[in-house]
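Next up, coords02.cif (mmCIF, C-alpha atoms):
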data_model
loop_
_atom_site.group_PDB
_atom_site.id
_atom_site.type_symbol
_atom_site.label_atom_id
_atom_site.label_comp_id
_atom_site.auth_asym_id
_atom_site.auth_seq_id
_atom_site.Cartn_x
_atom_site.Cartn_y
_atom_site.Cartn_z
ATOM 1 C CA MET A 1 -7.269 29.483 -2.245
ATOM 2 C CA SER A 2 -6.395 26.333 -4.207
ATOM 3 C CA ARG A 3 -8.989 23.809 -5.282
ATOM 4 C CA ILE A 4 -7.587 20.302 -5.490
ATOM 5 C CA LEU A 5 -8.908 17.082 -7.016
ATOM 6 C CA LEU A 6 -7.839 14.113 -4.882
ATOM 7 C CA ALA A 7 -8.131 10.631 -6.441
ATOM 8 C CA ASP A 8 -7.424 7.475 -4.443
ATOM 9 C CA ASP A 9 -9.509 4.322 -4.166
ATOM 10 C CA SER A 10 -8.680 3.962 -0.474
ATOM 11 C CA GLY A 11 -10.915 6.049 1.754
ATOM 12 C CA THR A 12 -8.262 5.787 4.444
ATOM 13 C CA MET A 13 -5.608 7.249 2.143
ATOM 14 C CA ARG A 14 -7.962 10.001 1.002
ATOM 15 C CA THR A 15 -8.523 10.915 4.647
ATOM 16 C CA ILE A 16 -4.779 10.926 5.350
ATOM 17 C CA ILE A 17 -4.026 13.068 2.294
ATOM 18 C CA ARG A 18 -6.950 15.389 3.034
ATOM 19 C CA ARG A 19 -5.665 15.858 6.581
ATOM 20 C CA SER A 20 -2.218 16.715 5.230
ATOM 21 C CA LEU A 21 -3.699 19.151 2.721
ATOM 22 C CA GLU A 22 -5.758 20.837 5.417
ATOM 23 C CA ALA A 23 -2.603 21.166 7.524
ATOM 24 C CA LEU A 24 -1.108 22.971 4.518
ATOM 25 C CA GLY A 25 -4.048 25.344 4.379
ATOM 26 C CA VAL A 26 -5.842 23.667 1.482
ATOM 27 C CA THR A 27 -9.484 23.132 2.349
ATOM 28 C CA ASP A 28 -11.227 23.078 -1.034
ATOM 29 C CA ILE A 29 -10.726 19.399 -1.822
ATOM 30 C CA VAL A 30 -12.873 17.275 -4.127
ATOM 31 C CA GLU A 31 -12.467 13.509 -3.720
ATOM 32 C CA ALA A 32 -12.673 10.787 -6.365
ATOM 33 C CA ALA A 33 -12.772 7.102 -5.389
ATOM 34 C CA ASP A 34 -11.595 5.751 -8.751
ATOM 35 C CA GLY A 35 -10.028 6.839 -12.011
ATOM 36 C CA ASN A 36 -13.243 7.209 -13.964
ATOM 37 C CA GLN A 37 -14.733 9.491 -11.334
ATOM 38 C CA ALA A 38 -11.515 11.493 -11.307
ATOM 39 C CA THR A 39 -11.578 12.229 -15.032
ATOM 40 C CA GLN A 40 -15.296 13.047 -14.919
ATOM 41 C CA LEU A 41 -14.796 15.490 -12.052
ATOM 42 C CA PHE A 42 -11.767 17.060 -13.713
ATOM 43 C CA ALA A 43 -13.708 17.581 -16.945
ATOM 44 C CA ALA A 44 -16.129 19.803 -15.023
ATOM 45 C CA GLY A 45 -13.194 22.178 -14.537
ATOM 46 C CA GLY A 46 -12.036 24.554 -11.838
ATOM 47 C CA PHE A 47 -9.131 22.667 -10.320
ATOM 48 C CA ASP A 48 -5.791 24.243 -9.480
ATOM 49 C CA ALA A 49 -4.007 20.914 -8.983
ATOM 50 C CA VAL A 50 -4.612 17.166 -9.062
ATOM 51 C CA ILE A 51 -3.335 14.525 -6.658
ATOM 52 C CA THR A 52 -3.803 10.968 -7.862
ATOM 53 C CA ASP A 53 -2.952 7.436 -6.829
ATOM 54 C CA TRP A 54 -1.594 5.011 -9.462
ATOM 55 C CA ASN A 55 -3.396 1.722 -8.763
ATOM 56 C CA MET A 56 -7.121 2.337 -8.858
ATOM 57 C CA PRO A 57 -10.120 0.479 -10.261
ATOM 58 C CA GLY A 58 -11.524 1.768 -13.523
ATOM 59 C CA LYS A 59 -8.912 4.067 -15.000
ATOM 60 C CA THR A 60 -5.487 3.758 -13.390
ATOM 61 C CA GLY A 61 -3.735 6.894 -12.232
ATOM 62 C CA ILE A 62 -1.568 6.862 -15.355
ATOM 63 C CA GLU A 63 -4.684 6.689 -17.517
ATOM 64 C CA VAL A 64 -6.174 9.553 -15.539
ATOM 65 C CA VAL A 65 -3.058 11.625 -16.194
ATOM 66 C CA ARG A 66 -3.056 10.805 -19.912
ATOM 67 C CA THR A 67 -6.756 11.660 -20.167
ATOM 68 C CA ILE A 68 -6.259 15.002 -18.438
ATOM 69 C CA ARG A 69 -3.218 15.835 -20.556
ATOM 70 C CA GLN A 70 -5.200 15.342 -23.766
ATOM 71 C CA THR A 71 -6.995 18.591 -23.018
ATOM 72 C CA ASP A 72 -5.008 20.269 -20.249
ATOM 73 C CA LYS A 73 -1.248 20.654 -20.378
ATOM 74 C CA THR A 74 -0.803 23.016 -17.453
ATOM 75 C CA THR A 75 -2.732 21.971 -14.341
ATOM 76 C CA PRO A 76 -0.142 20.512 -11.940
ATOM 77 C CA ILE A 77 -0.515 16.798 -11.223
ATOM 78 C CA VAL A 78 1.205 15.101 -8.280
ATOM 79 C CA MET A 79 1.090 11.312 -8.107
ATOM 80 C CA ILE A 80 1.098 9.713 -4.643
ATOM 81 C CA THR A 81 1.604 5.978 -4.954
ATOM 82 C CA THR A 82 3.276 2.819 -3.691
ATOM 83 C CA GLU A 83 4.952 2.444 -7.098
ATOM 84 C CA ALA A 84 8.507 3.316 -6.136
ATOM 85 C CA GLU A 85 10.664 2.022 -9.005
ATOM 86 C CA LYS A 86 12.532 4.536 -11.150
ATOM 87 C CA THR A 87 10.957 3.074 -14.282
ATOM 88 C CA ARG A 88 7.526 3.849 -12.849
ATOM 89 C CA VAL A 89 8.513 7.388 -11.943
ATOM 90 C CA LEU A 90 9.778 7.947 -15.496
ATOM 91 C CA GLU A 91 6.594 6.447 -16.927
ATOM 92 C CA ALA A 92 4.514 8.829 -14.816
ATOM 93 C CA ILE A 93 6.564 11.853 -15.811
ATOM 94 C CA GLN A 94 6.328 10.893 -19.477
ATOM 95 C CA ALA A 95 2.554 10.640 -19.072
ATOM 96 C CA GLY A 96 2.460 14.206 -17.780
ATOM 97 C CA VAL A 97 2.878 14.054 -14.012
ATOM 98 C CA ASN A 98 4.637 17.121 -12.585
ATOM 99 C CA ASP A 99 5.889 15.463 -9.417
ATOM 100 C CA TYR A 100 5.822 12.136 -7.657
ATOM 101 C CA LEU A 101 5.528 11.062 -4.015
ATOM 102 C CA VAL A 102 5.974 7.502 -2.761
ATOM 103 C CA LYS A 103 3.806 6.154 0.063
ATOM 104 C CA PRO A 104 4.324 6.276 2.963
ATOM 105 C CA PHE A 105 4.792 10.021 3.051
ATOM 106 C CA THR A 106 4.694 12.848 5.575
ATOM 107 C CA THR A 107 2.936 16.213 5.444
ATOM 108 C CA ASP A 108 6.358 17.816 4.977
ATOM 109 C CA ASN A 109 6.929 15.628 1.908
ATOM 110 C CA LEU A 110 3.602 16.768 0.477
ATOM 111 C CA ARG A 111 4.366 20.415 1.286
ATOM 112 C CA GLU A 112 7.649 20.135 -0.622
ATOM 113 C CA LYS A 113 6.007 18.604 -3.694
ATOM 114 C CA LEU A 114 2.750 20.536 -3.843
ATOM 115 C CA GLY A 115 4.332 23.803 -2.795
ATOM 116 C CA ARG A 116 6.155 23.948 -6.122
ATOM 117 C CA PHE A 117 2.860 24.462 -7.890
ATOM 118 C CA THR A 118 0.296 25.943 -5.545
ATOM 119 C CA PRO A 119 0.354 28.108 -2.409
ATOM 120 C CA VAL A 120 0.584 26.044 0.798
ATOM 121 C CA ALA A 121 1.083 26.980 4.434
ATOM 122 C CA MET B 122 13.215 -13.432 5.805
ATOM 123 C CA ASN B 123 15.326 -14.732 2.948
ATOM 124 C CA GLU B 124 18.544 -13.980 1.160
ATOM 125 C CA THR B 125 17.334 -13.801 -2.393
ATOM 126 C CA LEU B 126 14.508 -11.283 -2.206
ATOM 127 C CA VAL B 127 14.280 -9.187 0.930
ATOM 128 C CA SER B 128 16.539 -9.556 3.958
ATOM 129 C CA ASP B 129 15.220 -9.420 7.523
ATOM 130 C CA ASP B 130 16.919 -6.077 8.007
ATOM 131 C CA GLN B 131 15.416 -4.648 4.798
ATOM 132 C CA MET B 132 11.976 -5.890 5.787
ATOM 133 C CA LEU B 133 12.153 -4.448 9.286
ATOM 134 C CA GLU B 134 13.466 -1.130 7.950
ATOM 135 C CA LEU B 135 10.632 -1.046 5.452
ATOM 136 C CA LEU B 136 8.046 -1.762 8.161
ATOM 137 C CA GLU B 137 9.540 0.834 10.496
ATOM 138 C CA SER B 138 9.244 3.424 7.746
ATOM 139 C CA VAL B 139 5.562 2.629 7.184
ATOM 140 C CA TRP B 140 4.795 2.482 10.894
ATOM 141 C CA SER B 141 6.610 5.710 11.766
ATOM 142 C CA SER B 142 4.871 7.777 9.090
ATOM 143 C CA MET B 143 1.399 6.243 9.296
ATOM 144 C CA LEU B 144 0.896 4.711 12.740
ATOM 145 C CA TYR B 145 3.384 6.627 14.939
ATOM 146 C CA VAL B 146 4.219 3.577 17.082
ATOM 147 C CA PRO B 147 7.283 1.327 17.087
ATOM 148 C CA ILE B 148 7.351 -2.101 15.516
ATOM 149 C CA SER B 149 9.770 -4.857 16.451
ATOM 150 C CA ALA B 150 10.602 -8.324 15.225
ATOM 151 C CA VAL B 151 9.715 -11.195 17.543
ATOM 152 C CA PRO B 152 10.501 -14.914 17.373
ATOM 153 C CA PRO B 153 8.147 -16.789 15.005
ATOM 154 C CA LYS B 154 5.144 -18.437 16.602
ATOM 155 C CA GLY B 155 4.157 -21.721 15.051
ATOM 156 C CA ASP B 156 0.425 -21.280 15.408
ATOM 157 C CA PHE B 157 -0.627 -17.776 14.513
ATOM 158 C CA THR B 158 -4.263 -18.641 13.882
ATOM 159 C CA GLU B 159 -5.252 -18.000 17.492
ATOM 160 C CA HIS B 160 -4.372 -14.327 16.951
ATOM 161 C CA ALA B 161 -5.000 -13.424 13.338
ATOM 162 C CA ARG B 162 -8.531 -12.730 12.248
ATOM 163 C CA LEU B 163 -7.792 -10.496 9.280
ATOM 164 C CA THR B 164 -5.496 -11.085 6.362
ATOM 165 C CA ALA B 165 -4.726 -8.404 3.809
ATOM 166 C CA SER B 166 -3.134 -9.465 0.546
ATOM 167 C CA VAL B 167 -1.641 -7.899 -2.508
ATOM 168 C CA HIS B 168 -0.339 -9.749 -5.546
ATOM 169 C CA ILE B 169 2.782 -9.003 -7.527
ATOM 170 C CA ALA B 170 2.936 -10.081 -11.160
ATOM 171 C CA GLY B 171 5.570 -9.693 -13.831
ATOM 172 C CA ASP B 172 9.176 -10.822 -13.841
ATOM 173 C CA TRP B 173 8.559 -12.017 -10.277
ATOM 174 C CA ASN B 174 5.212 -13.495 -9.271
ATOM 175 C CA GLY B 175 3.863 -13.910 -5.794
ATOM 176 C CA THR B 176 1.763 -12.526 -2.982
ATOM 177 C CA VAL B 177 2.413 -10.404 0.093
ATOM 178 C CA LEU B 178 0.201 -11.191 3.083
ATOM 179 C CA LEU B 179 -0.302 -9.142 6.224
ATOM 180 C CA HIS B 180 -1.960 -11.106 9.024
ATOM 181 C CA LEU B 181 -3.279 -8.983 11.843
ATOM 182 C CA THR B 182 -5.596 -9.026 14.804
ATOM 183 C CA GLU B 183 -8.873 -7.161 14.980
ATOM 184 C CA PRO B 184 -7.587 -4.943 17.823
ATOM 185 C CA PHE B 185 -4.600 -3.944 15.686
ATOM 186 C CA ALA B 186 -6.803 -3.272 12.656
ATOM 187 C CA GLU B 187 -8.949 -1.069 14.878
ATOM 188 C CA PHE B 188 -5.890 0.737 16.236
ATOM 189 C CA ALA B 189 -4.539 1.229 12.702
ATOM 190 C CA ALA B 190 -7.824 2.560 11.375
ATOM 191 C CA ALA B 191 -8.304 4.919 14.310
ATOM 192 C CA THR B 192 -4.763 6.254 13.912
ATOM 193 C CA MET B 193 -4.850 6.588 10.136
ATOM 194 C CA LEU B 194 -8.283 8.221 10.159
ATOM 195 C CA ALA B 195 -7.582 10.247 13.323
ATOM 196 C CA SER B 196 -10.876 8.945 14.667
ATOM 197 C CA ASP B 197 -12.238 7.523 17.898
ATOM 198 C CA THR B 198 -12.570 3.755 17.777
ATOM 199 C CA GLU B 199 -16.291 4.081 18.556
ATOM 200 C CA GLY B 200 -16.881 5.766 15.231
ATOM 201 C CA LEU B 201 -15.130 3.149 13.133
ATOM 202 C CA THR B 202 -16.883 0.746 10.800
ATOM 203 C CA ASP B 203 -15.779 -2.671 9.555
ATOM 204 C CA ALA B 204 -15.080 -1.004 6.215
ATOM 205 C CA ASP B 205 -12.712 1.455 7.929
ATOM 206 C CA ARG B 206 -10.788 -1.384 9.591
ATOM 207 C CA ASP B 207 -10.632 -3.374 6.359
ATOM 208 C CA ASP B 208 -9.492 -0.383 4.321
ATOM 209 C CA ALA B 209 -6.760 0.526 6.807
ATOM 210 C CA ALA B 210 -5.440 -3.041 6.825
ATOM 211 C CA ALA B 211 -5.620 -3.194 3.032
ATOM 212 C CA GLU B 212 -3.749 0.075 2.643
ATOM 213 C CA LEU B 213 -1.011 -1.018 5.037
ATOM 214 C CA CYS B 214 -0.572 -4.207 3.023
ATOM 215 C CA ASN B 215 -0.653 -2.210 -0.214
ATOM 216 C CA ILE B 216 2.175 0.034 0.971
ATOM 217 C CA ILE B 217 4.202 -2.899 2.296
ATOM 218 C CA GLY B 218 3.650 -4.779 -0.975
ATOM 219 C CA GLY B 219 4.640 -1.767 -3.024
ATOM 220 C CA SER B 220 7.803 -1.331 -0.994
ATOM 221 C CA ILE B 221 8.693 -5.007 -1.417
ATOM 222 C CA LYS B 222 7.981 -4.765 -5.138
ATOM 223 C CA SER B 223 10.449 -1.916 -5.439
ATOM 224 C CA LEU B 224 13.166 -4.240 -4.130
ATOM 225 C CA LEU B 225 12.440 -6.984 -6.658
ATOM 226 C CA PRO B 226 14.315 -7.395 -9.921
ATOM 227 C CA GLY B 227 12.685 -6.684 -13.242
ATOM 228 C CA ARG B 228 9.372 -5.089 -14.054
ATOM 229 C CA ASN B 229 6.408 -6.009 -11.916
ATOM 230 C CA SER B 230 2.867 -4.829 -11.290
ATOM 231 C CA LEU B 231 0.928 -4.613 -8.048
ATOM 232 C CA SER B 232 -2.691 -5.686 -7.731
ATOM 233 C CA LEU B 233 -5.336 -3.876 -5.769
ATOM 234 C CA PRO B 234 -5.327 -5.131 -2.159
ATOM 235 C CA ALA B 235 -7.870 -7.596 -0.803
ATOM 236 C CA ILE B 236 -9.053 -8.602 2.670
ATOM 237 C CA VAL B 237 -9.986 -12.014 4.020
ATOM 238 C CA LYS B 238 -11.620 -12.345 7.413
ATOM 239 C CA GLY B 239 -11.354 -15.416 9.576
ATOM 240 C CA GLU B 240 -8.616 -17.765 10.603
ATOM 241 C CA GLU B 241 -5.395 -17.727 8.651
ATOM 242 C CA SER B 242 -5.836 -21.393 7.863
ATOM 243 C CA LEU B 243 -8.765 -20.557 5.600
ATOM 244 C CA LEU B 244 -6.603 -18.516 3.246
ATOM 245 C CA ARG B 245 -5.000 -20.333 0.344
ATOM 246 C CA VAL B 246 -3.260 -18.825 -2.651
ATOM 247 C CA PRO B 247 -3.029 -21.485 -5.360
ATOM 248 C CA ASN B 248 0.331 -22.587 -6.762
ATOM 249 C CA THR B 249 2.456 -20.773 -4.230
ATOM 250 C CA HIS B 250 4.897 -21.704 -1.512
ATOM 251 C CA VAL B 251 5.857 -19.685 1.557
ATOM 252 C CA LEU B 252 9.083 -17.941 0.682
ATOM 253 C CA ALA B 253 9.446 -15.937 3.852
ATOM 254 C CA THR B 254 7.720 -15.248 7.153
ATOM 255 C CA MET B 255 8.365 -12.438 9.603
ATOM 256 C CA ASP B 256 6.601 -12.127 12.931
ATOM 257 C CA VAL B 257 6.469 -8.666 14.427
ATOM 258 C CA GLN B 258 4.788 -6.906 17.306
ATOM 259 C CA SER B 259 3.328 -3.434 17.522
ATOM 260 C CA ALA B 260 0.925 -1.663 19.854
ATOM 261 C CA GLY B 261 0.925 -4.795 21.990
ATOM 262 C CA GLN B 262 -0.417 -6.934 19.154
ATOM 263 C CA PRO B 263 1.208 -9.684 17.096
ATOM 264 C CA LEU B 264 1.382 -9.385 13.315
ATOM 265 C CA ARG B 265 2.818 -11.627 10.620
ATOM 266 C CA ILE B 266 4.071 -10.726 7.167
ATOM 267 C CA ARG B 267 4.444 -13.485 4.609
ATOM 268 C CA ILE B 268 5.769 -13.542 1.086
ATOM 269 C CA LEU B 269 4.394 -16.315 -1.104
ATOM 270 C CA ALA B 270 6.121 -17.132 -4.376
ATOM 271 C CA ARG B 271 4.551 -18.784 -7.373
ATOM 272 C CA THR B 272 5.689 -22.366 -7.760
ATOM 273 C CA ASP B 273 5.610 -22.416 -11.562
ATOM 274 C CA ARG B 274 9.326 -21.771 -11.405
ATOM 275 C CA LYS B 275 11.815 -23.782 -9.379
ATOM 276 C CA PRO B 276 12.754 -21.881 -6.206
ATOM 277 C CA ALA B 277 16.432 -21.381 -5.488
ATOM 278 C CA GLU B 278 17.901 -23.751 -2.926
ATOM 279 C CA SER B 279 18.698 -20.837 -0.660
ATOM 280 C CA GLU B 280 15.023 -19.918 -0.582
ATOM 281 C CA PHE B 281 14.175 -23.375 0.756
ATOM 282 C CA ARG B 282 16.889 -23.100 3.381
ATOM 283 C CA GLN B 283 15.497 -19.806 4.599
ATOM 284 C CA VAL B 284 11.937 -21.077 4.707
ATOM 285 C CA ALA B 285 13.037 -24.153 6.606
ATOM 286 C CA SER B 286 15.007 -22.091 9.109
ATOM 287 C CA ALA B 287 11.980 -19.869 9.682
ATOM 288 C CA GLY B 288 9.853 -22.928 10.425
ATOM 289 C CA ALA B 289 7.281 -21.900 7.866
ATOM 290 C CA ALA B 290 4.987 -24.444 6.346
ATOM 291 C CA PRO B 291 4.163 -24.577 2.636
ATOM 292 C CA ALA B 292 1.021 -22.751 1.665
ATOM 293 C CA GLY B 293 -1.870 -24.945 0.666
ATOM 294 C CA ASN B 294 -3.412 -24.748 -2.735
ATOM 295 C CA SER B 295 -6.965 -25.905 -2.345
ATOM 296 C CA ARG B 296 -8.724 -22.547 -2.051
ATOM 297 C CA SER B 297 -8.150 -19.113 -3.311
ATOM 298 C CA HIS B 298 -9.341 -15.804 -1.928
#
For the structure just supplied, provide its representation as structure tokens.
Amino acid sequence: MSRILLADDSGTMRTIIRRSLEALGVTDIVEAADGNQATQLFAAGGFDAVITDWNMPGKTGIEVVRTIRQTDKTTPIVMITTEAEKTRVLEAIQAGVNDYLVKPFTTDNLREKLGRFTPVA
Amino acid sequence: MNETLVSDDQMLELLESVWSSMLYVPISAVPPKGDFTEHARLTASVHIAGDWNGTVLLHLTEPFAEFAAATMLASDTEGLTDADRDDAAAELCNIIGGSIKSLLPGRNSLSLPAIVKGEESLLRVPNTHVLATMDVQSAGQPLRIRILARTDRKPAESEFRQVASAGAAPAGNSRSH
């Protein structure tokens, strides 16, 4: 069973993403409400994948990714964000994101992205 | 809305995409209403800064904010808090703003969203003018989306024509949110 770190400053978005993850059979989800909390939780270890927003207070999602990649090159990271421009997608990939999903999204979209890296229903 | 940034068709398509994947109800454009303040009690805003500078506003009613929060959180309305309603409205505006930003030229950044409660007339974003207004209706409630552009550059003549044809008034500049 996958354990996923979910970082988004919007409680509404965290609930929506959590609901999608649960529909995909992922129930071990740890939530972070900002970038600093996300990096602190990740440092404790034990995550099979990370889902992060881009625009968050404290560390941005890109900063979260760069911080994680300083010590961990392999844990899959999927960014779910409103940042839709190609330049942003490239910036995220260069920072170490494995895949990218633009809001609004559907559970099927998330299945397609996350399913590349971790077992989903 | 306007010819130079986002067309009416683009805006409606963008809204339909957000509504269909997050709220599961239709949204349709309606003729502009001059006085929206009798309806709107919540305004969500997000700022865009960079090669283009301005603000995207989503004006909505409390019943719509409650509907949006209940739908997005898959919750009964009885269990909702003000924070839930505010966060749902903010996230809708954030997604709309991000989608609009992706249509703009150049490199731009999106701020975190903010919420103002009260009549629309209390909201002022300094040094901006109303570039575009679109009135829509969803779940039996009126909503208004506005794009404000910074006035530290001279707007194109076509922008003024579009604003005039939409009957939108210039934004004031006496108070910020």
Counting all atoms listed in the file, chain B residues within 8 Å of chain A, as a PDB file with C-alpha atoms, keeping the file's coordinate frame:
ATOM      1  CA  SER B 138       9.244   3.424   7.746  1.00  0.00           C
ATOM      2  CA  VAL B 139       5.562   2.629   7.184  1.00  0.00           C
ATOM      3  CA  SER B 142       4.871   7.777   9.090  1.00  0.00           C
ATOM      4  CA  MET B 143       1.399   6.243   9.296  1.00  0.00           C
ATOM      5  CA  ALA B 190      -7.824   2.560  11.375  1.00  0.00           C
ATOM      6  CA  MET B 193      -4.850   6.588  10.136  1.00  0.00           C
ATOM      7  CA  LEU B 194      -8.283   8.221  10.159  1.00  0.00           C
ATOM      8  CA  ASP B 205     -12.712   1.455   7.929  1.00  0.00           C
ATOM      9  CA  ASP B 208      -9.492  -0.383   4.321  1.00  0.00           C
ATOM     10  CA  ALA B 209      -6.760   0.526   6.807  1.00  0.00           C
ATOM     11  CA  GLU B 212      -3.749   0.075   2.643  1.00  0.00           C
ATOM     12  CA  ASN B 215      -0.653  -2.210  -0.214  1.00  0.00           C
ATOM     13  CA  ILE B 216       2.175   0.034   0.971  1.00  0.00           C
ATOM     14  CA  GLY B 219       4.640  -1.767  -3.024  1.00  0.00           C
ATOM     15  CA  SER B 220       7.803  -1.331  -0.994  1.00  0.00           C
ATOM     16  CA  SER B 223      10.449  -1.916  -5.439  1.00  0.00           C
ATOM     17  CA  LEU B 231       0.928  -4.613  -8.048  1.00  0.00           C
ATOM     18  CA  SER B 232      -2.691  -5.686  -7.731  1.00  0.00           C
ATOM     19  CA  LEU B 233      -5.336  -3.876  -5.769  1.00  0.00           C
TER      20      LEU B 233
END
request  = Report as a ChimeraX atom specification the residues that result from applying the PyMOL selection byres ((chain A and resi 92) around 12) to the structure here.
outcome  = /A:52-54,60-66,69,77-81,83-91,93-101
*Leaving out Phe188 (chain B) and any residue of its chain fewer than 6 positions from it, which residues lie within 12 Å of it when counting all atoms listed in the file, given as a list in words?*
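That gives Met143, Leu144, Tyr145, Val146, Leu181, Thr182, Leu194, Ala195, Ser196, Asp197, Thr198, Glu199, Leu201, Asp205, Arg206, Asp207, Ala209, Ala210, Ser259, Ala260, Gly261 and Gln262 of chain B.
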Nearest to Pro76 (chain A) among A:Ile51, A:Val30, A:Ala38, A:Asn109, with distances taken over all atoms listed in the file: which residue is it?
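The answer is A:Ile51, which sits nearest to Pro76 (chain A).
Between CA of Ala189 (chain B) and CA of Ala32 (chain A) the separation is 22.8 Å.
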query: Excluding same-chain residues fewer than 4 positions from Ala33 (chain A), what lies within 7 Å of it counting all atoms listed in the file, as a PyMOL selection string?
result: chain A and resi 7-9+37
- [ ] Would you be able to write out as number ranges by chain which residues have an atom within 12 Å of (-12.5, 24.8, -16.4) in the file's coordinates, counting only C-alpha atoms?
- [x] A: 3, 41-49, 68, 71-72, 74-75
One decimal place gives the CA of Asp108 (chain A)-CA of Ser230 (chain B) separation as 28.1 Å
- prompt: Which residues, written as a PyMOL selection string, have at least one atom at most 6 Å from region 264-269 of chain B, with all atoms listed in the file counted and residues fewer than 5 positions away on the same chain left out?
  reply: chain B and resi 175-181+249-258
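For the atom pair formed by CA of Pro119 (chain A) and CA of Ser141 (chain B), the distance is 27.2 Å, given to one decimal.
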Shell around Asp273 (chain B) at 10 Å using only C-alpha atoms, local window under 3 positions removed, as a ChimeraX atom specification
/B:174,248-249,270,276
Shell of 8 Å around Leu163 (chain B), only C-alpha atoms, local chain residues under 5 positions omitted, as a PyMOL selection string: chain B and resi 180-183+236-241
